[in-house]
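Report on one structure; see the data block that follows.
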Amino acid sequence: MMALMLRTEGLNAFYGNIRAITDVTIRVPKGKVVSIIGANGAGKSTLLKSISGLIQRKNGHVIYKDRDITNMSVNRIVKLGISQVPEGRQLFAHLTVEDNIRLGAYSYYNRRNRSVIQDRIDGVYGMFPILEKRCKQVSGTLSGGEQQMLAIARAFMARPDMILLDEPSMGIAPLVVREIFNVIVNLNQSGTTVLLVEQNAKAALKVAHYAYVLEGGRVVLEGLPKELLDNPKVKEVYLGG
Amino acid sequence: MTLKKLLIIVSVCLIGFGLCISCGKKVEKDAYKVGAVFSVTGRASFLGDPEKKTAEMAVEAINKAGGINGHPLDLIIYDDEGDATKCNLAVKKLINKDKVCALIGPSLSGLSLAVLPVAEKNEIPLVSCAASYKIVNNEETGKPYHWVFKTPQSDSMAVEAIYSHMKTHGINKIAIMSGTTGFGASGRAELLRLAPDHGMTIVADEKYGPKDTDMTVQLTKIKGKAPQAIVNWSIGPTQVVVVRNWKDLGMKNITFYQSHGFGSRENIKLAAGAAEGVLCPLGACNIAEQLAADHPQKAVTMKYLKDYKDKYNETLSSFGGHAWDSVHLVADALSAVGCDKAAIRDYIEITKGFVGQHGVFNFSPDDHNGLTKAAFNMVVVKEGDWALTD
Amino acid sequence: MEQISIAGQLFQYLITGITVGSIYAMVAIGFNIIYDVTDIINFAQGEFVMLGGLTMVLFHVSFQIPIIIAFILTVMGVTLIGILVDRLAIRPIRQPSVLTLIIATIAVSFVIRGAAMFFWGKNPFDLPAFSGRNPITFYGAVIQPQYFWVVGFLIVVVIVLSIFFDKTITGKAMKACADNADAARLVGINVNQMIMLSFALSAGVGAVAGIIITPISLMEYDRGAMLAVKGFGAVILGGLGSFPGAIIGGLILGIIESLVAGLISSGYKDAFALVVLLCVLFFKPSGILGNIEISKIKRF
Amino acid sequence: MEADKGILKISELVMAFGGLMALYKPDFVIRQGTITAVIGPNGAGKTTLFNVITGFLTPNEGTIHFRDQSIINLKPHEIAGLGISRTFQTVEIFENMTVLENVMLGFHTKLRSSFISSGFQLPLTRRKEKEIKSKAMDILKFIGLSGKWNEPADSLPLGEQKVLEIGRALASDPALICLDEPAAGLNETESHLASSLIMAIKEKGVTVVLVEHDMKVVMDISDEVLVLNYGQKIAYGTPEEIKNDPKVIEAYLGDDGAYA
Amino acid sequence: MMLRISKYSIFFFALIIILFPRIASNISAIEHYPDIMIFAGIYCLITIGLSLLMGYAGQISLGHGAFYGIGAYISAILTTRFGWNPWSCMVIGAVITSIVAFVVGAPSLKLKGHYLAMATLAFGVIVFIIFNEEIEWTGGPDGMTGISGLTLFGFPLNTVERYYYFVWGIVLAVFIFTVNIIQSGSGRALRAIHSSEAAAMAMGVDVSRYKIMVFTYSAALASVAGSLYAHYLNFVNPSSFDIFFSIKLLIMIALGGMHYIWGAIIGAVIITFLNYEWLHYFEELEILVYGAILLIVTIFLPQGLAGIPAIVKHWFRRTLSDGSR
């Protein structure tokens, strides 16, 4: 059995009185990419937000490295090594690219490790040369793809053990989507565990080691990407029966 | 359940309020009740605060000395906060609920004018602590209102004192500055009204708000008009700031007159040396030490000065004395005629030679103020203290 | 008799206007710091200024503490009060609508004002000018040395704040909270801490404004409200959330008031300044440097 | 009624937010009396399209004709007055009113009320009010909520809130009704009910345009399907055609070569 | 939740209004309360309009003290300088104020949030300065005296009791009028604007027209209140109409609960009594206590006092359902 990075047990989450996900149980093994696919409104983003702590109203369990983080605050979860790349990027739009990146390492800031952080910034620039070119630009003026890269770069600055990606391909031109998925693969190869939520099922399945299909807030299918790709049920989930 | 707790607390508070209201103030049966309304807090606290303190001190002294013919004096003081509505309600409450024999206050001219019809209608003597001559002069009849008196000198007296001082010093081209408060506006109106009578030419008429930070602009404009003197009419910090700006702008060659509102030594101190040479008209109580030993007011003013300093550890302002005068005027009437509203009124109206803090009062049916312009002495700031001038 | 030229007068008006405007600007900056992080307009901002002035008087004049130490102590003290305001008044509000927060900050201003009246009484207090009271004459205009301190401190505050916001990670984190609170949480920023910090900072800036203005205009317990109104005007005129806007707004208000008082009518100077403000708003609904995007979110 | 007469014609429409093209020339004609579904992946511009049609957004370029009248640059309430009604993705019922009042507000375009007339409760106002009330009750019957007419709207479960929103939109007697995700967040029974309600609306002769993610609903009820991706029209046809259109499948499931 | 206002509650309200002076006159501790209630009633007129503007249409105003003042000063000037009939002054005041409100409101209501707050505040300050400066007309800071009282059908309203019934009669009428608005087409539109501006627009509600309409209506009410004030006190001065009064109105609305029309009445009455009567016992600490009470209410009752029944009901319901589980 592979070491588990994160698992959820019967997780339910609510928006007001509306239950957005129901009894979701998933496993994310260490060092792997796990994808969660499903149509719009299936509860994929809710699942990610419940893991990262942005949604507080929930029951069930989120276990990270054998530690129950269900009711922890977001900043503590971040410090434990989970970074989220939120849906719609959520950049600090009025700040520069470099400031966005720098703030990604906020939890690690102190006087002593200034050089460490500079190293990390350089590392990130190595991964995303385009961001280095734009480092003084206000992030709100970047193109969609660049913003997505910046969002990933920001999350990566915390050197997380696990990164949660929410719809990285949304609103991005197909060519750039390819680039973004390359980055995801690179991230994973450098040792980061990835939990990916995607509507773009084919792309998501291609990079994943394992995948879950969500519909109506429940896990309706799970399996190896290859099996799911050929499963007609997947198409049904998206396009109806 | 915090909410439940809260509800309990709120209801306890409300019940508490109710109890407070219902218990009211315990009064011995034979006490003489007198009501007072001062602007203790709010925009006119410079008037009401010393008035309240003085009145409380005066009543305490009277009661310590055995009260009025054995009756303790119960002074019920309400704070009107400079608010017309609150003042009106307070006066009516004193009349109808507290059933007082006479009323003292309010501190502000506007509010005195506002409640004056209430006193007239309810036939109760009211001794105002505000300056405007309109309080004791019914414009329609040209006579005083029947039930209303006032102890402060009218603004016109202060203006007359200033103008005559100017005349003797050959000044006839002046600039005026005033705060946009009731105090400033009524002083300004009197300055404008009386100027032609005294041959004064007003070359500038500038204003500033009660919370303005700097009056350099207005003074610069005046400087450009080159008057011989400036008269400033305001209260509170602005009257100090204006003096400082006057000095900073190097306008010492333009004589600076302040209103009687400047009459606290604290102001000289706050002016940080800038007040040297500033002139102002002051009542006797502000210059008690300077008065000649045989001055009729020497004794009362010195005692007041000492008692006030001992009790509150504050310097006297111009205004506390008005409350002293009012309280003692009413107390004298009470001791003579008891708690009979009409009799009190009649007694005050014929009071002569009453020695108060701001002058020797001689009331008459035609004069419900009882003072002349002699009640003001022109004073100059010299070496950080008042000095009498001619 | 010494005369003053028209040019000299104009110059004097301008100088006074800049000084008074600098104070408004500083109050406006205080408004902005809190607004940026929390979307709250803190109507108790003027009370911080008042507290700054009166606390300085207490330390420097009453306790005879040397001016620099007294200055630091005062700023620290008022900063602490800013933190308390956040902790005791703002954070406990469970359903913070814009109106609730406005009322809460007004309530805070009453409490502070009431406490100040209780503690200091109603009389004004003076503070010695930092470098004496010997005015400098310059092109016919007279400049009090304290004017330089006022403008100087405005510049210092602006520089310090821009360094803080542009160069330090904490400053950037505060800006990040203002920009996108959820994202700020996701990078591990404690948003509540940043809100507290914003109250602390703006109280500190308010205190500085209070300290430097007291030698010019004295200080008493109820001056805060008027300063808050002027500062609020400045911040709206410049555009909510914009620091350069706050400074421009403050200076414009100060200069208009001064010029109108000198050239048109001293009684109507405040009204004139507000008419200008209204005209600006009618043509540019988000102030001179404001951002529509920011302003359109707020409803009552 | 002519079935194939175009009630809404859209051409050359461009809507850009900053650099992002939310809509880029998705030309199409909605035929009167049909149900047209607008589908597409997240961020394809569906809701933007609704906002442009109903006047909440002013497009950068292009024309929109409703019954041969240009409705560009009209304010939302004016467009509503012309007979286009809508619902919202996030349920926007008036939670501070009762169920009945919600529907009654739908009659606003038919009601010329002023403060004076309503303040004094003039006879005409009262009569009008009564009339509207009974009409609103009819609508509640139609949507199956008449039993809950006097309940506060926010006490309804989500499914009923959505239905109520549709009822409210119907009250203004629209010729065209735009439904933004009527089935989102509903369970199976509820979404089934919503489907039959939409069919019933069509029976009444009202043209329906809906944005929907629940493909079962879309495929069941729509006559026509418009597929958007990146703000552009990529397909238009019957549900069957759409289901098997490779471009649509690619848009939804992504393209194989999305990464190297 | 906006509760429907039933006929019974209005009837009950009327009953309280009628009985209050009778009860008060028999209890010596509160025998002077009807006099305070007159002012509370006058403020109620303003807060009812403001509640419609703020709680229902979602717009803030920090300038209603000015409309109140314009009404009062028009009454004062026309009766004292021109000897006009007070009733016509009241009507003229309301008409002029409505025009001013329309002229000010049309551009201002395009502003949002704090910008609108500042614009209305600026308007309030400007009007205050005019009251203060135009001494020839307004008497300046000292104000104007000698404003004639009201006479109704030859029956002078010159006692507390008469004026009480007169003012509260008007309050009741305005309240019913306003409730009628709220519970009719226009009111639905306003509530719709408050709940969701977008949905209201989509249903054909002309949002900006309604905003201006409600602004003007509330200003006219304030003007009438001003006239009532001037004719009762026979005196006006500028400081009764300054921005701090506008803020006090805001406090009344918030404390009472701005989403409830009852909140306007509760807030106005409670704040009036706190200011004019109850807090008197704290003397110099009054403002501190006032601030503290206000803060406590905002923290614990963000919906205001009128929201208590809803909270109690909610709490009651929850305990019941917990118990049954």
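Identifiers in this document derive from the order of the structure tokens: chains are assigned A, B, ..., residues are numbered from 1 separately in each chain, and ligands are numbered from 1 in order of occurrence.
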| query | What are the DSSP helix (DSSP H, G or I) residues of segment 19-233 of chain C, as an MDAnalysis selection string? | reply | chainID C and resid 19:38 45:62 67:90 98:120 145:167 169:179 181:186 191:217 224:233
Closest atom pairs, chain C residues within 9 Å of chain B, only C-alpha atoms, as a tab-separated table:
residue	atom	partner	partner_atom	distance
C:Met1	CA	B:Ala226	CA	7.3
C:Glu2	CA	B:Ala226	CA	7.9
C:Gln3	CA	B:Gly224	CA	6.3
C:Ile4	CA	B:Gly224	CA	5.4
C:Ser5	CA	B:Gly224	CA	7.2
C:Ile6	CA	B:Gly224	CA	7.7
C:Gln9	CA	B:Thr220	CA	6.2
C:Gln12	CA	B:Val217	CA	7.0
C:Tyr13	CA	B:Val217	CA	5.5
C:Leu14	CA	B:Val217	CA	9.0
C:Thr16	CA	B:Thr216	CA	6.9
C:Gly17	CA	B:Val217	CA	8.5
C:Val20	CA	B:Thr213	CA	7.2
C:Lys122	CA	B:Ser45	CA	7.3
C:Asn123	CA	B:Phe46	CA	7.8
C:Pro124	CA	B:Pro237	CA	5.9
C:Phe125	CA	B:Leu270	CA	7.1
C:Asp126	CA	B:Leu270	CA	5.8
C:Leu127	CA	B:Leu270	CA	8.8
C:Pro128	CA	B:Ala272	CA	8.3
C:Arg133	CA	B:Asp248	CA	7.6
C:Asn134	CA	B:Asp248	CA	7.3
C:Pro135	CA	B:Asp248	CA	5.8
C:Ile136	CA	B:Asp248	CA	8.8
C:Thr137	CA	B:Leu249	CA	8.7
C:Ala141	CA	B:Leu249	CA	8.1
C:Val142	CA	B:Leu249	CA	5.7
C:Ile143	CA	B:Asp248	CA	8.0
C:Gln144	CA	B:Asp248	CA	6.9
C:Ile213	CA	B:Thr213	CA	8.0
C:Thr214	CA	B:Thr213	CA	9.0
C:Ile216	CA	B:Thr213	CA	7.0
C:Ser217	CA	B:Thr213	CA	4.8
C:Leu218	CA	B:Pro237	CA	6.4
C:Met219	CA	B:Pro237	CA	7.6
C:Glu220	CA	B:Pro237	CA	8.0
C:Asp222	CA	B:Gly42	CA	8.5
C:Arg223	CA	B:Lys211	CA	6.5
C:Met226	CA	B:Lys211	CA	6.9
C:Leu227	CA	B:Lys211	CA	8.5
C:Ser258	CA	B:Val217	CA	6.4
C:Leu259	CA	B:Val217	CA	8.1
C:Ala261	CA	B:Gln218	CA	6.6
C:Gly262	CA	B:Val217	CA	5.7
C:Leu263	CA	B:Lys221	CA	8.1
C:Ser265	CA	B:Glu206	CA	7.8
C:Ser266	CA	B:Lys207	CA	5.3
C:Gly267	CA	B:Lys207	CA	5.3
C:Tyr268	CA	B:Lys207	CA	8.9
C:Lys269	CA	B:Tyr208	CA	8.7
C:Asp270	CA	B:Gly209	CA	8.8
Can you spit out the residues from that selection as a CSV table (one decimal), in the first residue's frame, using C-alpha atoms?
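Saved file part29.csv follows:
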chain,number,residue,atom,x,y,z
C,1,MET,CA,2.1,101.1,9.0
C,2,GLU,CA,3.5,98.0,7.5
C,3,GLN,CA,1.6,96.9,4.3
C,4,ILE,CA,1.3,93.6,2.7
C,5,SER,CA,1.2,93.1,-1.0
C,6,ILE,CA,-1.5,91.2,-2.8
C,9,GLN,CA,-1.4,87.8,0.8
C,12,GLN,CA,0.2,83.5,2.8
C,13,TYR,CA,-3.2,82.0,1.9
C,14,LEU,CA,-1.5,79.2,0.0
C,16,THR,CA,-1.8,78.3,5.4
C,17,GLY,CA,-4.0,76.2,3.1
C,20,VAL,CA,-4.3,72.9,7.1
C,122,LYS,CA,-13.5,70.5,28.6
C,123,ASN,CA,-10.8,73.2,28.4
C,124,PRO,CA,-8.3,73.4,25.5
C,125,PHE,CA,-4.6,72.5,26.1
C,126,ASP,CA,-1.5,73.9,24.5
C,127,LEU,CA,1.7,72.2,23.5
C,128,PRO,CA,4.9,74.1,23.0
C,133,ARG,CA,7.4,80.3,17.9
C,134,ASN,CA,9.6,82.8,16.0
C,135,PRO,CA,8.0,83.1,12.7
C,136,ILE,CA,10.0,83.3,9.4
C,137,THR,CA,9.1,86.0,6.9
C,141,ALA,CA,4.3,85.9,4.0
C,142,VAL,CA,4.8,84.8,7.6
C,143,ILE,CA,5.5,81.2,8.3
C,144,GLN,CA,5.4,79.6,11.7
C,213,ILE,CA,-1.3,70.2,15.1
C,214,THR,CA,-1.7,71.0,18.8
C,216,ILE,CA,-0.9,75.5,16.2
C,217,SER,CA,-4.5,75.1,17.2
C,218,LEU,CA,-4.6,73.8,20.7
C,219,MET,CA,-6.5,70.7,21.4
C,220,GLU,CA,-9.7,69.9,23.4
C,222,ASP,CA,-14.5,67.5,21.2
C,223,ARG,CA,-12.3,68.5,18.2
C,226,MET,CA,-14.9,68.1,12.9
C,227,LEU,CA,-11.5,66.8,11.9
C,258,SER,CA,-8.0,79.1,2.7
C,259,LEU,CA,-8.3,80.9,-0.7
C,261,ALA,CA,-11.6,82.7,3.2
C,262,GLY,CA,-9.1,85.1,2.0
C,263,LEU,CA,-10.6,86.2,-1.3
C,265,SER,CA,-16.0,85.0,2.2
C,266,SER,CA,-14.6,83.6,5.4
C,267,GLY,CA,-18.1,82.7,6.6
C,268,TYR,CA,-18.7,80.5,3.6
C,269,LYS,CA,-15.3,78.9,3.2
C,270,ASP,CA,-16.3,75.4,4.4
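Residues from chain B found within 6 Å of chain E are B:Ser22, B:Lys86, B:Gly110, B:Ala114, B:Thr181, B:Gly182, counting only C-alpha atoms.
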Write a file of the selected residues as a CSV table (one decimal), in the first residue's frame, keeping all heavy atoms.
chain,number,residue,atom,x,y,z
B,22,SER,N,-38.3,56.9,38.7
B,22,SER,CA,-39.3,57.0,39.7
B,22,SER,C,-38.8,57.5,41.0
B,22,SER,O,-39.6,58.2,41.7
B,22,SER,CB,-40.1,55.7,39.8
B,22,SER,OG,-39.1,54.7,40.1
B,86,LYS,N,-33.8,70.2,24.2
B,86,LYS,CA,-33.6,69.7,25.5
B,86,LYS,C,-33.8,70.8,26.5
B,86,LYS,O,-34.3,70.6,27.6
B,86,LYS,CB,-32.1,69.2,25.6
B,86,LYS,CG,-31.9,68.3,26.6
B,86,LYS,CD,-30.6,67.5,26.5
B,86,LYS,CE,-30.5,66.5,27.7
B,86,LYS,NZ,-29.3,65.8,27.6
B,110,GLY,N,-29.6,82.4,22.6
B,110,GLY,CA,-30.6,81.9,21.8
B,110,GLY,C,-31.6,81.0,22.6
B,110,GLY,O,-32.8,81.1,22.4
B,114,ALA,N,-35.5,81.3,23.5
B,114,ALA,CA,-36.4,80.2,23.2
B,114,ALA,C,-37.3,79.9,24.3
B,114,ALA,O,-38.5,79.5,24.1
B,114,ALA,CB,-35.6,79.0,22.7
B,181,THR,N,-20.3,81.2,16.1
B,181,THR,CA,-21.1,80.7,17.1
B,181,THR,C,-22.1,81.8,17.6
B,181,THR,O,-22.0,82.9,17.1
B,181,THR,CB,-20.3,80.2,18.3
B,181,THR,OG1,-19.6,81.4,18.8
B,181,THR,CG2,-19.4,79.1,18.0
B,182,GLY,N,-23.0,81.4,18.4
B,182,GLY,CA,-24.0,82.4,18.9
B,182,GLY,C,-23.2,83.5,19.6
B,182,GLY,O,-23.6,84.7,19.4
| request: Output as a PyMOL selection string the set of chain A residues within 10 Å of chain D, with distances taken over only C-alpha atoms. | output: chain A and resi 17-20+37-43+88+140-144+167+169-183+185+198-207+216-217+229+234-241
| Which chain C residues are at most 9 Å from chain E (counting only C-alpha atoms), as number ranges by chain? | C: 41, 89-101, 103-115, 117-118, 229, 232-233, 236-237, 239-240, 267-268, 270-272, 274-275, 277-278, 281-282, 285-287, 295-300
Dump as a Markdown table the rows for residues of chain E within 7 Å of chain D: closest atom pair and distance in Å with one decimal, only C-alpha atoms counted, ordered by chain and rising residue number.
| residue | atom | partner | partner_atom | distance |
| --- | --- | --- | --- | --- |
| E:Met1 | CA | D:Asn96 | CA | 5.2 |
| E:Met2 | CA | D:Asn96 | CA | 5.2 |
| E:Phe177 | CA | D:Gly119 | CA | 4.4 |
| E:Thr178 | CA | D:Gly119 | CA | 6.1 |
| E:Asn180 | CA | D:Gly119 | CA | 5.0 |
| E:Ile181 | CA | D:Gly119 | CA | 4.8 |
| E:Ser184 | CA | D:Ser118 | CA | 6.0 |
| E:Gly185 | CA | D:Ser113 | CA | 6.1 |
| E:Ser186 | CA | D:Ser113 | CA | 6.0 |
| E:Arg188 | CA | D:Leu105 | CA | 6.2 |
| E:Ala189 | CA | D:Leu105 | CA | 6.8 |
| E:Ala192 | CA | D:Phe94 | CA | 5.9 |
| E:Ser195 | CA | D:Phe94 | CA | 5.4 |
| E:Ser196 | CA | D:Glu92 | CA | 6.6 |
| E:Ala199 | CA | D:Glu92 | CA | 6.1 |
| E:Met201 | CA | D:His77 | CA | 4.9 |
| E:Ala202 | CA | D:Pro76 | CA | 5.8 |
| E:Met203 | CA | D:Gly106 | CA | 5.7 |
| E:Gly204 | CA | D:His77 | CA | 3.7 |
| E:Val205 | CA | D:His77 | CA | 5.4 |
| E:Asp206 | CA | D:His77 | CA | 5.6 |
| field | Members of segment 122-170 of chain E assigned strand (DSSP E or B) by DSSP, as a count of residues only | value | 6
| query | Do you know which residues are at most 8 Å from Ser112 of chain B counting only C-alpha atoms, after dropping those on the same chain fewer than 4 positions away, and could you put them as number ranges by chain? | reply | B: 105-108, 116, 128, 130, 135
| task | Mind giving me the straight-line distance from atom CA of Glu47 of chain C to atom CA of Thr74 of chain C in Å, one decimal? | result |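 Separation of atom CA of Glu47 of chain C and atom CA of Thr74 of chain C: 13.7 Å.
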Could the residues of chain A that have an atom at most 9 Å from chain C be listed as JSON lines, each with its closest atom pair and the distance in Å to one decimal, counting only C-alpha atoms and ordered by chain and ascending residue number?
{"residue": "A:Ser52", "atom": "CA", "partner": "C:Leu186", "partner_atom": "CA", "distance": 7.9}
{"residue": "A:Gly53", "atom": "CA", "partner": "C:Leu186", "partner_atom": "CA", "distance": 8.8}
{"residue": "A:Leu54", "atom": "CA", "partner": "C:Asp182", "partner_atom": "CA", "distance": 7.7}
{"residue": "A:Ser73", "atom": "CA", "partner": "C:Arg185", "partner_atom": "CA", "distance": 9.0}
{"residue": "A:Val74", "atom": "CA", "partner": "C:Arg185", "partner_atom": "CA", "distance": 6.0}
{"residue": "A:Asn75", "atom": "CA", "partner": "C:Gly188", "partner_atom": "CA", "distance": 4.1}
{"residue": "A:Arg76", "atom": "CA", "partner": "C:Gly188", "partner_atom": "CA", "distance": 7.2}
{"residue": "A:Ile77", "atom": "CA", "partner": "C:Gly188", "partner_atom": "CA", "distance": 8.1}
{"residue": "A:Val78", "atom": "CA", "partner": "C:Gly188", "partner_atom": "CA", "distance": 5.6}
{"residue": "A:Lys79", "atom": "CA", "partner": "C:Gly188", "partner_atom": "CA", "distance": 6.9}
{"residue": "A:Ser83", "atom": "CA", "partner": "C:Leu186", "partner_atom": "CA", "distance": 7.0}
{"residue": "A:Gln84", "atom": "CA", "partner": "C:Leu186", "partner_atom": "CA", "distance": 6.5}
{"residue": "A:Val85", "atom": "CA", "partner": "C:Leu186", "partner_atom": "CA", "distance": 8.4}
{"residue": "A:Pro86", "atom": "CA", "partner": "C:Ala183", "partner_atom": "CA", "distance": 7.7}
{"residue": "A:Arg89", "atom": "CA", "partner": "C:Ala183", "partner_atom": "CA", "distance": 8.7}
{"residue": "A:Gln90", "atom": "CA", "partner": "C:Ala183", "partner_atom": "CA", "distance": 5.8}
{"residue": "A:Leu91", "atom": "CA", "partner": "C:Ala183", "partner_atom": "CA", "distance": 6.9}
{"residue": "A:Phe92", "atom": "CA", "partner": "C:Asp179", "partner_atom": "CA", "distance": 5.4}
{"residue": "A:Ala93", "atom": "CA", "partner": "C:Asp179", "partner_atom": "CA", "distance": 6.7}
{"residue": "A:His94", "atom": "CA", "partner": "C:Asp179", "partner_atom": "CA", "distance": 6.7}
{"residue": "A:Leu95", "atom": "CA", "partner": "C:Ala176", "partner_atom": "CA", "distance": 7.5}
{"residue": "A:Asp99", "atom": "CA", "partner": "C:Lys172", "partner_atom": "CA", "distance": 7.2}
{"residue": "A:Asn100", "atom": "CA", "partner": "C:Ala176", "partner_atom": "CA", "distance": 8.3}
{"residue": "A:Arg102", "atom": "CA", "partner": "C:Ile169", "partner_atom": "CA", "distance": 7.9}
{"residue": "A:Leu103", "atom": "CA", "partner": "C:Ala173", "partner_atom": "CA", "distance": 6.8}
{"residue": "A:Gly104", "atom": "CA", "partner": "C:Val187", "partner_atom": "CA", "distance": 5.3}
{"residue": "A:Ala105", "atom": "CA", "partner": "C:Val187", "partner_atom": "CA", "distance": 7.2}
{"residue": "A:Tyr106", "atom": "CA", "partner": "C:Gly188", "partner_atom": "CA", "distance": 6.4}
{"residue": "A:Ser107", "atom": "CA", "partner": "C:Gly188", "partner_atom": "CA", "distance": 5.6}
{"residue": "A:Tyr109", "atom": "CA", "partner": "C:Ile169", "partner_atom": "CA", "distance": 7.8}
{"residue": "A:Arg154", "atom": "CA", "partner": "C:Val187", "partner_atom": "CA", "distance": 8.0}
{"residue": "A:Ala155", "atom": "CA", "partner": "C:Val187", "partner_atom": "CA", "distance": 7.1}
{"residue": "A:Ala158", "atom": "CA", "partner": "C:Val187", "partner_atom": "CA", "distance": 7.8}
| request: Please measure the separation of atom CA of Phe130 of chain C and atom CA of Ala275 of chain B, giving the value in Å to one decimal. | output: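 Atom CA of Phe130 of chain C sits 19.8 Å away from atom CA of Ala275 of chain B.
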